[in-house]
Amino acid sequence: MMGINVGLVGFGLSASVFHAPIIQCVEGMHVKAVVSSDAAKVHKRYPDVDVFADIDSLIAQSNIDLVIVCSPNTTHYDYAKKAIMAGKHVVVEKPFTVDSIEAEELISLAQAHKVQLAVYHNRRWDNDFLTIKALLETGMLGKLSTYEAHFDRYRPEVRGRWREQNLPGSGILYDLGSHLIDQALHLFGNPQTVWADIRTEREGGQSDDYFHLILGYSRLRVILHSGSLVKMGGPRYMLHGDKGSFVKYGLDPQEDQLKAGMHPGDSGWGEDRPELYGKLSTVVGSLPVEATIGTLPGKYEAFYKGIAEAIRSGAALPVSADQGRDTIRIIEYAIQSHREQRTIQLEA
C-alpha cells in the first residue's frame, strides 16, 4: 500500500484536534511535518515530526505528499496555492476561501498541476447528519417541505480570536454557516433562491455572530440558523414532509471525544446517547407510527480514508473543491441578500 506523508500548516485547535489524530488512525497515512511557531507544543504530542517555521520550508520537503491547510481563513488561498504549485495534494480547512474567485483559481491550478484538492467539511460525517441522510433515503417523510438545522451556542463574551475579528472570512457565517450550508447542498443541491439575515448580537462584537438563512427550492425551504446567545437550545434538526416529521436534539460527540483523547475505533466512538435519539412521526399505510430512531455512529475518519483512496487510485474525493466553492458562493449570496435586503435569485 502506498504510504502518504502529511504536512500540517498550523497546529491550533483544528490541526491538533480534528486533523492529526484522525490522520494517524488511517492506514498508511503519517503526519511527518508541521508548520508552527511552537515546536515544543508539537513535539509534546508528536516527538518525531519535523517542525518548520513557514510553509515554504514545508513544501520544499520532497517526502511530503499531502498538505493540510489549517491556518487562519485569510491565508487559505495563499498557502493552498503555494502547495499546489509545489506539486502537493491539498486539503483546506473550511471555509475553503474567503471568496469564490479565489476558489475558482485554486481549482484551475489543481487541475493544471494534476493534484487532488479537497475541502474539510467533516460534519457530513456527524452522527445526526448521517442518520438524517439515511432516513431521507427511506422516503418515510414523503415529499419534504421544510428542513431546519441549527448550530447554536451560548458565548456571550467576545473573544480575541481571529475568527471574531473584523477580517475577511471571519464571523459565524463563514465558520459554522459553512458546515450547515455544505450539509444542505450535499442533500439537495444548489438552491434557486437565497435570503439571509446576518447580524452581530453581542456587545463589542467585530464580526457577525448570528445568521438566519432560507434556501429556496421548488417546494422545499431549507432554514439554517446560528446564534451566539442561545442559553437553552431547541432541536438541532427538524424535518417535515407530507408523510411525517423527524426531530433531533443534541450535537455529535466526536469533537468532544477528540478533545478528550479518544480516537476512531475506541469503544463508543461517534455514538449518540439514547436520550438524544431522534423522534419520527409518520404514517405507514393508514397507520400512524411514532418511533425513536437510533442514531448512526459518526465517522470523521471516513473523510481521510476517502482522501487516501483519491490519492492512491483516483477515486472521487469525499468533498471536492467544487463543492467547497459552491458553499462559498452561497455565503456570498447570503451577504448580498442581507446587504440589499432582498431575496437573491440564483442563475440556473
# chains A, B, ... in the order shown; residues from 1 in each chain; ligands from 1
$ residues_around --residues "A:Ile331" --least-positions-apart "4" --cutoff "12 Å" --atoms "only C-alpha atoms" --output "PyMOL selection string"
chain A and resi 95-100+169-182+194-198+211-215+224+324-327+335-338+344
$ write_last_selection --atoms "N, CA and C atoms" --output "tab-separated table (two decimals), in the first residue's frame"
chain	number	residue	atom	x	y	z
A	95	PRO	N	-13.73	27.47	6.11
A	95	PRO	CA	-14.24	27.66	4.76
A	95	PRO	C	-13.09	27.61	3.76
A	96	PHE	N	-13.38	27.11	2.57
A	96	PHE	CA	-12.36	26.90	1.55
A	96	PHE	C	-11.52	28.15	1.31
A	97	THR	N	-12.17	29.24	0.95
A	97	THR	CA	-11.51	30.53	0.71
A	97	THR	C	-12.45	31.62	1.19
A	98	VAL	N	-12.00	32.87	1.13
A	98	VAL	CA	-12.87	33.96	1.56
A	98	VAL	C	-13.77	34.47	0.45
A	99	ASP	N	-13.48	34.09	-0.81
A	99	ASP	CA	-14.40	34.41	-1.90
A	99	ASP	C	-14.29	33.37	-2.99
A	100	SER	N	-15.29	33.33	-3.86
A	100	SER	CA	-15.37	32.27	-4.87
A	100	SER	C	-14.36	32.48	-6.00
A	169	GLY	N	-13.54	36.72	5.79
A	169	GLY	CA	-13.75	35.31	6.12
A	169	GLY	C	-13.98	35.03	7.58
A	170	SER	N	-14.01	36.05	8.42
A	170	SER	CA	-14.29	35.84	9.84
A	170	SER	C	-15.80	35.87	10.08
A	171	GLY	N	-16.20	35.54	11.29
A	171	GLY	CA	-17.61	35.56	11.65
A	171	GLY	C	-18.24	34.18	11.57
A	172	ILE	N	-19.41	34.09	12.18
A	172	ILE	CA	-20.07	32.79	12.35
A	172	ILE	C	-20.65	32.24	11.05
A	173	LEU	N	-20.96	33.10	10.09
A	173	LEU	CA	-21.49	32.61	8.81
A	173	LEU	C	-20.43	31.79	8.08
A	174	TYR	N	-19.21	32.29	8.02
A	174	TYR	CA	-18.12	31.52	7.40
A	174	TYR	C	-17.75	30.32	8.25
A	175	ASP	N	-17.84	30.45	9.57
A	175	ASP	CA	-17.40	29.39	10.47
A	175	ASP	C	-18.43	28.26	10.55
A	176	LEU	N	-19.48	28.44	11.31
A	176	LEU	CA	-20.50	27.41	11.46
A	176	LEU	C	-21.44	27.35	10.26
A	177	GLY	N	-21.67	28.49	9.64
A	177	GLY	CA	-22.56	28.51	8.48
A	177	GLY	C	-22.07	27.62	7.35
A	178	SER	N	-20.75	27.56	7.15
A	178	SER	CA	-20.24	26.74	6.06
A	178	SER	C	-20.57	25.27	6.28
A	179	HIS	N	-20.60	24.82	7.56
A	179	HIS	CA	-21.00	23.44	7.84
A	179	HIS	C	-22.44	23.18	7.42
A	180	LEU	N	-23.34	24.05	7.87
A	180	LEU	CA	-24.76	23.85	7.61
A	180	LEU	C	-25.08	23.98	6.12
A	181	ILE	N	-24.42	24.92	5.46
A	181	ILE	CA	-24.65	25.09	4.02
A	181	ILE	C	-24.15	23.87	3.26
A	182	ASP	N	-22.96	23.41	3.60
A	182	ASP	CA	-22.43	22.22	2.92
A	182	ASP	C	-23.35	21.02	3.09
A	194	VAL	N	-31.82	32.55	-2.34
A	194	VAL	CA	-31.16	32.69	-1.03
A	194	VAL	C	-31.67	33.98	-0.38
A	195	TRP	N	-32.12	33.85	0.87
A	195	TRP	CA	-32.48	35.02	1.69
A	195	TRP	C	-31.74	34.91	3.01
A	196	ALA	N	-31.24	36.04	3.53
A	196	ALA	CA	-30.43	35.98	4.75
A	196	ALA	C	-30.63	37.19	5.64
A	197	ASP	N	-30.59	36.93	6.94
A	197	ASP	CA	-30.49	37.96	7.97
A	197	ASP	C	-29.21	37.66	8.74
A	198	ILE	N	-28.27	38.60	8.75
A	198	ILE	CA	-26.96	38.40	9.38
A	198	ILE	C	-26.70	39.58	10.30
A	211	PHE	N	-26.87	34.29	12.27
A	211	PHE	CA	-27.42	34.30	10.92
A	211	PHE	C	-28.69	33.46	10.87
A	212	HIS	N	-29.53	33.81	9.93
A	212	HIS	CA	-30.74	33.05	9.63
A	212	HIS	C	-30.86	33.03	8.12
A	213	LEU	N	-30.68	31.88	7.51
A	213	LEU	CA	-30.72	31.74	6.06
A	213	LEU	C	-31.93	30.92	5.65
A	214	ILE	N	-32.50	31.26	4.51
A	214	ILE	CA	-33.54	30.44	3.90
A	214	ILE	C	-33.11	30.17	2.46
A	215	LEU	N	-32.87	28.90	2.16
A	215	LEU	CA	-32.55	28.47	0.81
A	215	LEU	C	-33.83	27.96	0.17
A	224	LEU	N	-31.50	27.55	7.82
A	224	LEU	CA	-30.23	27.34	8.51
A	224	LEU	C	-30.01	28.49	9.48
A	324	GLY	N	-16.71	22.76	-2.20
A	324	GLY	CA	-16.29	23.81	-1.28
A	324	GLY	C	-16.54	25.19	-1.85
A	325	ARG	N	-16.29	25.35	-3.15
A	325	ARG	CA	-16.57	26.64	-3.82
A	325	ARG	C	-18.06	26.96	-3.81
A	326	ASP	N	-18.90	25.95	-4.02
A	326	ASP	CA	-20.35	26.19	-4.03
A	326	ASP	C	-20.83	26.72	-2.68
A	327	THR	N	-20.24	26.21	-1.59
A	327	THR	CA	-20.59	26.72	-0.26
A	327	THR	C	-20.20	28.19	-0.12
A	335	ILE	N	-24.64	37.16	2.02
A	335	ILE	CA	-24.16	38.51	2.37
A	335	ILE	C	-24.82	39.55	1.47
A	336	GLN	N	-24.94	39.24	0.18
A	336	GLN	CA	-25.61	40.16	-0.74
A	336	GLN	C	-27.07	40.33	-0.36
A	337	SER	N	-27.74	39.23	-0.02
A	337	SER	CA	-29.15	39.31	0.37
A	337	SER	C	-29.34	40.21	1.58
A	338	HIS	N	-28.49	40.04	2.58
A	338	HIS	CA	-28.60	40.87	3.78
A	338	HIS	C	-28.32	42.34	3.46
A	344	ILE	N	-32.25	36.74	-3.19
A	344	ILE	CA	-31.39	36.64	-4.36
A	344	ILE	C	-31.80	35.44	-5.20
$ residues_around --residues "stretch 101-103 of chain A" --least-positions-apart "3" --cutoff "12 Å" --atoms "only C-alpha atoms" --output "ChimeraX atom specification"
/A:73-81,92,94-98,106-110,117-119,320-329,332
$ atom_distance --atom1 "atom CA of A:Glu157" --atom2 "atom CA of A:Arg199"
15.7 Å
$ residues_around --residues "A:Met238" --least-positions-apart "4" --cutoff "10 Å" --atoms "only C-alpha atoms" --output "PyMOL selection string"
chain A and resi 132+146-150+223+234+245-249+278-279
$ select_by_dssp --residues "stretch 88-260 of chain A" --states "strand (DSSP E or B)" --output "PyMOL selection string"
chain A and resi 89-93+117-120+144-150+154+193-199+210-216+221-227+229+237-241+244-248
$ closest_residue --among "A:Glu309, A:Glu301, A:Glu104, A:Asp242" --to "A:Gln254" --atoms "only C-alpha atoms"
A:Glu301
$ closest_residue --among "A:Phe151, A:Gly204, A:Ala20, A:Gly298" --to "A:Tyr237" --atoms "only C-alpha atoms"
A:Phe151
$ atom_distance --atom1 "atom CA of A:Ala134" --atom2 "atom CA of A:Met29"
29.2 Å
$ residues_around --residues "stretch 7-9 of chain A" --least-positions-apart "4" --cutoff "10 Å" --atoms "only C-alpha atoms" --output "ChimeraX atom specification"
/A:15-16,19-20,30-36,49-55,58-59,61,63-72,76,79-80,88,90-92
$ residues_around --residues "A:Gly261" --least-positions-apart "6" --cutoff "12 Å" --atoms "only C-alpha atoms" --output "VMD selection string"
chain A and resid 16 to 18 20 to 22 45 254 to 255 269
$ select_by_dssp --residues "stretch 234-276 of chain A" --states "alpha helix (DSSP H)" --output "list in words"
Gln254, Glu255, Asp256, Gln257, Leu258 and Lys259 of chain A
$ write_last_selection --atoms "all heavy atoms" --output "compact mmCIF listing (two decimals), in the first residue's frame"
# COMPACT_ATOMS: atom_id res chain seq x y z
N GLN A 254 -18.22 13.68 18.45
CA GLN A 254 -16.84 13.39 18.04
C GLN A 254 -15.85 14.50 18.40
O GLN A 254 -14.70 14.22 18.75
CB GLN A 254 -16.80 13.09 16.54
CG GLN A 254 -17.43 11.76 16.19
CD GLN A 254 -17.55 11.54 14.69
OE1 GLN A 254 -16.73 10.89 14.07
NE2 GLN A 254 -18.60 12.11 14.10
N GLU A 255 -16.27 15.76 18.32
CA GLU A 255 -15.37 16.86 18.71
C GLU A 255 -14.96 16.72 20.16
O GLU A 255 -13.76 16.78 20.49
CB GLU A 255 -16.02 18.22 18.47
CG GLU A 255 -15.16 19.38 18.92
CD GLU A 255 -15.75 20.73 18.59
OE1 GLU A 255 -16.77 20.80 17.86
OE2 GLU A 255 -15.19 21.74 19.06
N ASP A 256 -15.93 16.53 21.05
CA ASP A 256 -15.60 16.38 22.47
C ASP A 256 -14.80 15.12 22.72
O ASP A 256 -13.91 15.10 23.58
CB ASP A 256 -16.89 16.36 23.31
CG ASP A 256 -17.53 17.74 23.41
OD1 ASP A 256 -16.83 18.75 23.18
OD2 ASP A 256 -18.73 17.81 23.72
N GLN A 257 -15.08 14.06 21.98
CA GLN A 257 -14.32 12.83 22.15
C GLN A 257 -12.87 13.02 21.73
O GLN A 257 -11.95 12.54 22.42
CB GLN A 257 -14.97 11.70 21.33
CG GLN A 257 -16.30 11.23 21.92
CD GLN A 257 -16.97 10.17 21.07
OE1 GLN A 257 -16.70 10.05 19.87
NE2 GLN A 257 -17.86 9.39 21.68
N LEU A 258 -12.64 13.73 20.64
CA LEU A 258 -11.26 14.01 20.22
C LEU A 258 -10.53 14.87 21.24
O LEU A 258 -9.36 14.62 21.56
CB LEU A 258 -11.27 14.70 18.86
CG LEU A 258 -11.60 13.81 17.65
CD1 LEU A 258 -11.91 14.65 16.43
CD2 LEU A 258 -10.46 12.85 17.35
N LYS A 259 -11.23 15.86 21.78
CA LYS A 259 -10.60 16.72 22.81
C LYS A 259 -10.25 15.93 24.06
O LYS A 259 -9.31 16.26 24.77
CB LYS A 259 -11.55 17.87 23.16
CG LYS A 259 -11.69 18.91 22.07
CD LYS A 259 -12.70 19.98 22.47
CE LYS A 259 -12.82 21.05 21.41
NZ LYS A 259 -13.86 22.06 21.75
$ closest_residue --among "A:Ala302, A:Arg342, A:Gln165, A:Ser218" --to "A:Gly205" --atoms "only C-alpha atoms"
A:Gln165
$ closest_residue --among "A:Leu167, A:Pro253, A:Leu144, A:Val26" --to "A:Val222" --atoms "only C-alpha atoms"
A:Leu144
$ atom_distance --atom1 "atom CA of A:Gly306" --atom2 "atom CA of A:Tyr46"
23.8 Å
$ closest_residue --among "A:Leu251, A:Leu185, A:Val284, A:Leu141" --to "A:Val319" --atoms "only C-alpha atoms"
A:Leu185
